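Undergrad: Okay, here's the structure, questions in a sec.
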Amino acid sequence: MNMNQVRVRFAPSPTGYLHVGGARTALFNYLYAKQNQGVFVLRIEDTDLVRSTDASTQAILDAMKYLGLDWDEGPEKGGDYGPYFQSQRLELYQQYADKLLASGRAYQCFCTPEELDQIRQEAVEQKRDPKYDGRCRNLTEAQRQELIRQGRKPVVRFKADYDGTTLVDDLIRGKVTFDNNQLDDFVIIKSDGMPTYNFAVVIDDALMAITHVIRGEDHLSNTPKQIQIYEALGFSVPQFAHIPMILGPDRTRLSKRHGATSVGQFQEEGYLAEAMVNYLALLGWSFDDSQTLFSKNELIEKFTLAKVSKNPAVFDLAKLQWMNGVYIRELSLDELYEQTLPLFQGWGFVPTEVSSELVGKVRSVLKILQERIKVLSELREVSYYFFQDELHYDEKAVRKVLGKEGAVEILSTLLPELLSVTDYTQENLEPIFRKAQEQHQRKLADIIQPVRVAVTGTNVSPGIYDVLAILGRARTCQRIKDTLALIKSRQEGSLGV
RNA sequence: GCUCCCAUCGUCUAGGGGUCUAGGACACCGCCCUCUCACGGCGGAGACAGGGGUUCGAAUCCCCUUGGGAGUACCA
């Protein structure tokens, strides 16, 4: 194996869905790996027995696939450095903990959670740092046996080195030094036998030959602890790159409180993977002063850790939406159709078996709506009137347009013309409206808007001739009749319109 | 509390001593296109957190203040 080969990893814990912050971390790792012909490892950190679920693991894998962040080693893929679930690597952690125990760099601690709480409380009261006081460091063999006999389940603590400083040489932040006296003897194996995060990452990253640890800045402060473990075990320390956090609009760490943060949710709402990837890449990274649109290949080519920003970035939904709109517009009609057909079927707009006539209709609808949507799921409300009989009138539009003087007359003169025009096509429809315009001596808009409201229920839609042509003569005329009746009934009810 | 990180338009950012009367993108505003909306085009408003240094010269280097973020668990 090439010893210089870049190996990076994304190591989510399956305690929820993949959120955008995690996805961005995964993306940066992926880009870095691809750019360097390296290996992208996916490892599941499921050592928290109570919070980890298989459903979460699956959701994360699905989200990764949707984004196209294909991993080279990991779940469903295997690899030479497995297993890739921490829960299946327990012997490994135990083995290395034993090593530390044997070399005197770790010890068993029998303190109960209550005792630890007390230690912390006292420390705070006395204005000392709330650190573990190391009281179990020098237990005698006899004392340990006694405690075990009492049924106490020990944890294993790392015997930290309190002297000097630990340097984290970060690819993004430069050299960061920590005073070792900030450390305490942290737990590496819990009483249930599971490793803690700070221990498991080190063992796994070392054993999996990870060369670059690219992860969120929230891990920067933990890095000194990890470095001490690397050194105590004689492992070589990988390169670190801590990328900035993603914040919500209120500048606190992005969370569910801020709305949609799960990648799966964005997928459901109709965000294209290309747009998500592009947007996420720009959250904390930039190329130059002008380019904002990047294909994935372009990102692989141009991404550099050196250009990753140091400051946290606020997640801007508006920009994501704009970008998604750009990518939707770039789709060919075939691609758009392929992406959206399942949605139309899910909404019950078209049946599972689509006739060729219906295919044509859907494509026509997509063609006129493509440049008007930012998210695929918007299609539902802006296209239902092409597929369903029942119309939902927007009250404001009805008042504003149909309540206008002359609306009834205009619709009434148009109706017979529409009923009798020979070919119900866009080209033949336009003259009818022009004619009516002259007849009534009104602006074209005054002729068109009542029709628009009558057939779509709203005063906003694609070009009216396109809409009518797709809708067809029968539906158009029926809706105009219905609308006329509606206006009449309202007038009789003396409610005005 | 302690430790660490960070600090350019509302947001993402370009900028790494002079070319900055600070550039781009989203959002916002106006105009054009126009049957409404959208797309597109054109234009506008909008920032170097504050204070000290260093220097002939600072958005760029150093220090302090302030502000924000993170860590400090038998969570990851």
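Ordering of the structure tokens sets the chain letters (A, B, ...); residue numbers start at 1 within each chain; ligands are numbered from 1 in the order shown.
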Skip C4 in chain B itself and residues of its chain fewer than 4 positions away, then list as an NGL selection string all residues within 8 Å of it, counting only C-alpha atoms (C1' of nucleotides).

TA: (:A and (178 or 220-221)) or (:B and (70-71))

Undergrad: When DSSP is applied to the backbone of this structure, which of range 167-375 of chain A are assigned alpha helix (DSSP H)? Write them out as number ranges by chain.

TA: A: 197-207, 223-233, 263-269, 273-282, 296-302, 317-330, 333-346, 356-369

Undergrad: Set the distance at 10 Å and use only C-alpha atoms (C1' of nucleotides): which residues neighbour range 350-360 of chain A once local chain neighbours fewer than 3 positions away are removed? I'd like the list as a list in words.

TA: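 Listing them by chain and then by number gives Tyr337, Leu341, Pro342, Leu343, Phe344, Gln345, Gly346, Trp347, Arg363, Ser364, Val365, Leu366, Phe387, Gln388 and Ile470 of chain A.
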
Undergrad: Find, counting only C-alpha atoms (C1' of nucleotides), the residue in B:A22, B:C39, B:C9, B:C48 that gets nearest to chain A.

TA: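 Closest to chain A, using only C-alpha atoms (C1' of nucleotides): B:C39.
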
Undergrad: For CA of Gln439 in chain A and CA of Arg479 in chain A, determine how far apart the two atoms are, in Å to one decimal place.

TA: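 Distance reported for this atom pair: 22.6 Å.
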
Undergrad: Taking the DSSP assignment computed from this structure's backbone, write out as a list of chain:residue names all residues of range 174-407 of chain A that belong to strand (DSSP E).

TA: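 These are the residues in question: A:Gly174, A:Lys175, A:Val176, A:Thr177, A:Phe178, A:Asp179, A:Val187, A:Ile188, A:Ile189, A:His212, A:Val213, A:Ile214, A:Arg215, A:Gly216, A:Gln239, A:Phe240, A:Ala241, A:His242, A:Ile243, A:Ile246, A:Leu247, A:Ala313, A:Val314.
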
Undergrad: Taking 2 positions as the minimum chain separation for residues in the same chain, which residues sit within 7 Å of range 49-59 of chain B when counting only C-alpha atoms (C1' of nucleotides)? Answer as a compact mmCIF listing (two decimals) with C-alpha atoms (C1' of nucleotides), in the first residue's frame.

TA:
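What follows is the written file around29.txt:
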# COMPACT_ATOMS: atom_id res chain seq x y z
C1' U B 8 -15.04 42.94 5.96
C1' G B 17 0.99 46.79 3.61
C1' G B 18 0.29 50.90 -1.26

Undergrad: Contacts between range 282-287 of chain A and range 7-76 of chain B, please, where a residue of range 7-76 of chain B counts if it comes within 10 Å (with only C-alpha atoms (C1' of nucleotides)); show its shortest atom pair and distance in Å to one decimal, rows by chain and ascending number, as a tab-separated table.

TA:
residue	atom	partner	partner_atom	distance
B:C12	C1'	A:Leu283	CA	6.6
B:U13	C1'	A:Ser286	CA	7.0
B:A14	C1'	A:Ser286	CA	8.6

Undergrad: Which residue, B:G43, B:G10, B:G23, B:G16, has the smallest gap to chain A when you use only C-alpha atoms (C1' of nucleotides)?

TA: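 Closest candidate: B:G23.
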
Undergrad: Within 9 Å of chain A, which residues belong to chain B? Use only C-alpha atoms (C1' of nucleotides) and report them as a PyMOL selection string.

TA: chain B and resi 1-7+11-15+23-27+35-39+68-72+74-76

Undergrad: List the spatial neighbours of range 419-422 of chain A as a list of chain:residue names - criterion: any atom at most 12 Å away, only C-alpha atoms (C1' of nucleotides), same-chain residues fewer than 4 positions off excluded.

TA: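 Counting only C-alpha atoms (C1' of nucleotides), the residues come to A:Ser412, A:Thr413, A:Leu414, A:Leu415, A:Gln426, A:Glu427, A:Asn428, A:Leu429, A:Glu430, A:Pro431, A:Ile432, A:Phe433, A:Gly472, A:Arg473, A:Ala474, A:Arg475, A:Thr476, A:Cys477, A:Gln478, A:Ile480, A:Lys481.
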
Undergrad: Got a sec: who's within 7 Å of range 57-63 of chain A, counting only C-alpha atoms (C1' of nucleotides), leaving out chain neighbours fewer than 4 positions off, as a JSON list (two decimals) with all heavy atoms, in the first residue's frame?

TA:
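Below is the file result02.json, written as the result:
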[["chain", "number", "residue", "atom", "x", "y", "z"],
["A", 14, "PRO", "N", -24.95, 7.75, 14.85],
["A", 14, "PRO", "CA", -26.32, 7.53, 14.38],
["A", 14, "PRO", "C", -27.36, 7.82, 15.44],
["A", 14, "PRO", "O", -28.10, 6.95, 15.86],
["A", 14, "PRO", "CB", -26.31, 6.05, 13.99],
["A", 14, "PRO", "CG", -25.34, 5.45, 14.95],
["A", 14, "PRO", "CD", -24.28, 6.49, 15.19],
["A", 17, "TYR", "N", -30.80, 12.32, 12.29],
["A", 17, "TYR", "CA", -30.57, 12.37, 10.86],
["A", 17, "TYR", "C", -29.29, 13.10, 10.54],
["A", 17, "TYR", "O", -28.73, 13.78, 11.39],
["A", 17, "TYR", "CB", -31.77, 13.05, 10.19],
["A", 17, "TYR", "CG", -33.04, 12.31, 10.46],
["A", 17, "TYR", "CD1", -34.04, 12.82, 11.28],
["A", 17, "TYR", "CD2", -33.22, 11.04, 9.91],
["A", 17, "TYR", "CE1", -35.19, 12.11, 11.54],
["A", 17, "TYR", "CE2", -34.36, 10.32, 10.17],
["A", 17, "TYR", "CZ", -35.36, 10.85, 10.99],
["A", 17, "TYR", "OH", -36.48, 10.13, 11.24],
["A", 18, "LEU", "N", -28.85, 12.96, 9.32],
["A", 18, "LEU", "CA", -27.67, 13.70, 8.89],
["A", 18, "LEU", "C", -28.09, 15.15, 8.73],
["A", 18, "LEU", "O", -29.00, 15.47, 7.98],
["A", 18, "LEU", "CB", -27.17, 13.16, 7.55],
["A", 18, "LEU", "CG", -25.93, 13.87, 6.99],
["A", 18, "LEU", "CD1", -24.72, 13.64, 7.90],
["A", 18, "LEU", "CD2", -25.62, 13.39, 5.58],
["A", 53, "THR", "N", -29.44, 4.42, 16.82],
["A", 53, "THR", "CA", -30.47, 3.56, 16.26],
["A", 53, "THR", "C", -30.10, 3.16, 14.84],
["A", 53, "THR", "O", -29.39, 3.87, 14.14],
["A", 53, "THR", "CB", -31.84, 4.27, 16.19],
["A", 53, "THR", "OG1", -31.75, 5.35, 15.23],
["A", 53, "THR", "CG2", -32.26, 4.83, 17.53],
["A", 67, "LEU", "N", -26.66, 12.84, -1.75],
["A", 67, "LEU", "CA", -25.72, 13.90, -2.07],
["A", 67, "LEU", "C", -24.61, 13.42, -3.00],
["A", 67, "LEU", "O", -23.83, 14.23, -3.52],
["A", 67, "LEU", "CB", -25.09, 14.46, -0.78],
["A", 67, "LEU", "CG", -26.05, 15.22, 0.14],
["A", 67, "LEU", "CD1", -25.34, 15.58, 1.44],
["A", 67, "LEU", "CD2", -26.56, 16.48, -0.55],
["A", 263, "VAL", "N", -30.65, 16.75, 6.07],
["A", 263, "VAL", "CA", -30.46, 16.63, 4.63],
["A", 263, "VAL", "C", -31.64, 15.91, 3.99],
["A", 263, "VAL", "O", -32.12, 16.29, 2.92],
["A", 263, "VAL", "CB", -29.14, 15.89, 4.33],
["A", 263, "VAL", "CG1", -29.03, 15.56, 2.85],
["A", 263, "VAL", "CG2", -27.96, 16.73, 4.77],
["A", 264, "GLY", "N", -32.14, 14.89, 4.67],
["A", 264, "GLY", "CA", -33.27, 14.14, 4.15],
["A", 264, "GLY", "C", -34.48, 15.03, 3.92],
["A", 264, "GLY", "O", -35.23, 14.88, 2.96]]

Undergrad: Please list as a list in words every residue within 9 Å of range 408-411 of chain A, counting only C-alpha atoms (C1' of nucleotides) and excluding residues in the same chain fewer than 3 positions away.

TA: Leu402, Gly403, Lys404, Glu405, Leu414, Leu415, Ala436, Gln437, His440, Asp446, Ile447, Pro450, Val451, Ala454, Ile480, Lys481, Thr483, Leu484, Ile487 and Lys488 of chain A

Undergrad: Go ahead and dump the residues you just picked, all heavy atoms, as a compact mmCIF listing (two decimals), in the first residue's frame.

TA:
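As a result, selection-v3.txt now contains:
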# COMPACT_ATOMS: atom_id res chain seq x y z
N LEU A 402 -61.84 39.69 -9.92
CA LEU A 402 -63.22 39.45 -10.35
C LEU A 402 -64.17 40.51 -9.81
O LEU A 402 -65.26 40.70 -10.34
CB LEU A 402 -63.67 38.06 -9.89
CG LEU A 402 -62.83 36.90 -10.48
CD1 LEU A 402 -63.37 35.57 -10.00
CD2 LEU A 402 -62.81 36.96 -12.00
N GLY A 403 -63.75 41.18 -8.78
CA GLY A 403 -64.59 42.22 -8.20
C GLY A 403 -64.51 43.50 -9.04
O GLY A 403 -65.29 44.43 -8.87
N LYS A 404 -63.57 43.49 -9.95
CA LYS A 404 -63.37 44.68 -10.78
C LYS A 404 -64.52 44.84 -11.77
O LYS A 404 -65.04 43.86 -12.30
CB LYS A 404 -62.06 44.52 -11.56
CG LYS A 404 -61.19 45.76 -11.56
CD LYS A 404 -59.88 45.43 -12.26
CE LYS A 404 -58.95 46.64 -12.29
NZ LYS A 404 -57.68 46.31 -12.96
N GLU A 405 -64.84 46.04 -11.99
CA GLU A 405 -65.85 46.41 -12.99
C GLU A 405 -65.60 45.73 -14.35
O GLU A 405 -64.49 45.76 -14.86
CB GLU A 405 -65.75 47.95 -13.15
CG GLU A 405 -66.39 48.51 -14.36
CD GLU A 405 -67.80 48.98 -14.05
OE1 GLU A 405 -67.94 49.85 -13.20
OE2 GLU A 405 -68.74 48.43 -14.67
N LEU A 414 -65.91 36.19 -23.77
CA LEU A 414 -64.84 35.26 -24.11
C LEU A 414 -65.35 33.82 -24.24
O LEU A 414 -64.92 33.06 -25.11
CB LEU A 414 -63.76 35.32 -23.02
CG LEU A 414 -62.36 35.86 -23.31
CD1 LEU A 414 -62.32 36.73 -24.56
CD2 LEU A 414 -61.82 36.59 -22.10
N LEU A 415 -66.26 33.48 -23.38
CA LEU A 415 -66.71 32.09 -23.29
C LEU A 415 -67.16 31.48 -24.62
O LEU A 415 -66.65 30.43 -25.03
CB LEU A 415 -67.82 31.98 -22.25
CG LEU A 415 -68.28 30.57 -21.90
CD1 LEU A 415 -67.10 29.69 -21.46
CD2 LEU A 415 -69.35 30.59 -20.82
N ALA A 436 -61.07 40.74 -27.93
CA ALA A 436 -61.85 41.17 -26.76
C ALA A 436 -61.30 42.48 -26.21
O ALA A 436 -62.04 43.35 -25.73
CB ALA A 436 -61.81 40.09 -25.69
N GLN A 437 -59.99 42.58 -26.28
CA GLN A 437 -59.35 43.80 -25.77
C GLN A 437 -59.87 45.02 -26.52
O GLN A 437 -60.18 46.05 -25.92
CB GLN A 437 -57.83 43.68 -25.95
CG GLN A 437 -57.07 44.91 -25.51
CD GLN A 437 -55.60 44.85 -25.92
OE1 GLN A 437 -55.17 43.90 -26.59
NE2 GLN A 437 -54.85 45.84 -25.53
N HIS A 440 -63.66 45.72 -25.74
CA HIS A 440 -63.94 46.34 -24.44
C HIS A 440 -63.13 47.59 -24.18
O HIS A 440 -63.31 48.24 -23.16
CB HIS A 440 -63.66 45.33 -23.32
CG HIS A 440 -64.61 44.18 -23.30
ND1 HIS A 440 -65.81 44.21 -22.62
CD2 HIS A 440 -64.58 42.98 -23.92
CE1 HIS A 440 -66.46 43.07 -22.79
NE2 HIS A 440 -65.73 42.30 -23.59
N ASP A 446 -56.50 43.49 -18.37
CA ASP A 446 -57.87 43.47 -17.84
C ASP A 446 -58.68 42.32 -18.42
O ASP A 446 -59.66 41.87 -17.84
CB ASP A 446 -58.57 44.79 -18.15
CG ASP A 446 -57.96 45.94 -17.37
OD1 ASP A 446 -57.42 45.68 -16.28
OD2 ASP A 446 -58.01 47.08 -17.86
N ILE A 447 -58.27 41.89 -19.60
CA ILE A 447 -58.96 40.76 -20.22
C ILE A 447 -58.42 39.46 -19.66
O ILE A 447 -59.18 38.54 -19.33
CB ILE A 447 -58.72 40.76 -21.76
CG1 ILE A 447 -59.04 42.12 -22.38
CG2 ILE A 447 -59.51 39.63 -22.42
CD1 ILE A 447 -60.48 42.54 -22.21
N PRO A 450 -59.00 38.24 -15.36
CA PRO A 450 -60.21 37.52 -14.93
C PRO A 450 -60.17 36.05 -15.36
O PRO A 450 -60.59 35.16 -14.62
CB PRO A 450 -61.33 38.27 -15.65
CG PRO A 450 -60.78 39.63 -15.89
CD PRO A 450 -59.32 39.43 -16.16
N VAL A 451 -59.65 35.82 -16.55
CA VAL A 451 -59.56 34.44 -17.02
C VAL A 451 -58.58 33.66 -16.17
O VAL A 451 -58.82 32.51 -15.79
CB VAL A 451 -59.12 34.41 -18.51
CG1 VAL A 451 -58.94 32.97 -18.97
CG2 VAL A 451 -60.15 35.14 -19.36
N ALA A 454 -60.17 32.79 -13.04
CA ALA A 454 -61.23 31.81 -13.28
C ALA A 454 -60.68 30.40 -13.47
O ALA A 454 -61.27 29.44 -12.99
CB ALA A 454 -62.06 32.22 -14.50
N ILE A 480 -64.72 28.75 -16.38
CA ILE A 480 -65.24 30.10 -16.59
C ILE A 480 -66.72 30.13 -16.21
O ILE A 480 -67.19 31.05 -15.54
CB ILE A 480 -65.02 30.54 -18.05
CG1 ILE A 480 -63.51 30.76 -18.30
CG2 ILE A 480 -65.79 31.84 -18.35
CD1 ILE A 480 -63.16 31.11 -19.72
N LYS A 481 -67.42 29.10 -16.60
CA LYS A 481 -68.85 29.02 -16.23
C LYS A 481 -69.01 28.99 -14.71
O LYS A 481 -69.83 29.69 -14.14
CB LYS A 481 -69.49 27.75 -16.82
CG LYS A 481 -69.77 27.84 -18.31
CD LYS A 481 -70.37 26.50 -18.78
CE LYS A 481 -70.22 26.35 -20.29
NZ LYS A 481 -70.41 24.94 -20.72
N THR A 483 -67.03 30.06 -12.52
CA THR A 483 -66.66 31.33 -11.93
C THR A 483 -67.77 32.37 -12.10
O THR A 483 -68.07 33.13 -11.19
CB THR A 483 -65.35 31.84 -12.55
OG1 THR A 483 -64.33 30.87 -12.34
CG2 THR A 483 -64.93 33.16 -11.92
N LEU A 484 -68.35 32.34 -13.29
CA LEU A 484 -69.47 33.26 -13.55
C LEU A 484 -70.59 33.00 -12.54
O LEU A 484 -71.18 33.92 -11.98
CB LEU A 484 -69.98 33.03 -14.99
CG LEU A 484 -69.78 34.10 -16.08
CD1 LEU A 484 -68.85 35.23 -15.70
CD2 LEU A 484 -69.36 33.46 -17.39
N ILE A 487 -69.67 34.32 -9.11
CA ILE A 487 -69.84 35.77 -8.98
C ILE A 487 -71.31 36.11 -8.81
O ILE A 487 -71.69 36.92 -7.96
CB ILE A 487 -69.28 36.49 -10.22
CG1 ILE A 487 -67.79 36.23 -10.38
CG2 ILE A 487 -69.53 38.00 -10.12
CD1 ILE A 487 -67.20 36.73 -11.68
N LYS A 488 -72.10 35.46 -9.62
CA LYS A 488 -73.54 35.73 -9.58
C LYS A 488 -74.11 35.41 -8.21
O LYS A 488 -74.85 36.21 -7.62
CB LYS A 488 -74.24 34.87 -10.64
CG LYS A 488 -75.66 35.32 -10.93
CD LYS A 488 -76.25 34.50 -12.06
CE LYS A 488 -77.74 34.81 -12.21
NZ LYS A 488 -78.50 33.66 -12.73

Undergrad: Given the choices A:Gln108, A:Gln95, A:Thr140, A:Ser383, which gets closest to Lys153 in chain A if the distance is worked out from only C-alpha atoms?

TA: A:Gln108

Undergrad: Using CA of Lys65 in chain A and CA of Tyr327 in chain A as the two end points, give the distance in Å to one decimal.

TA: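 Taking CA of Lys65 in chain A as the start and CA of Tyr327 in chain A as the end point, the length is 18.7 Å.
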
Undergrad: Work out how far CA of Phe386 in chain A is from CA of Thr425 in chain A, in Å to one decimal.

TA: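 If I compute the distance from CA of Thr425 in chain A to CA of Phe386 in chain A, I get 15.7 Å.
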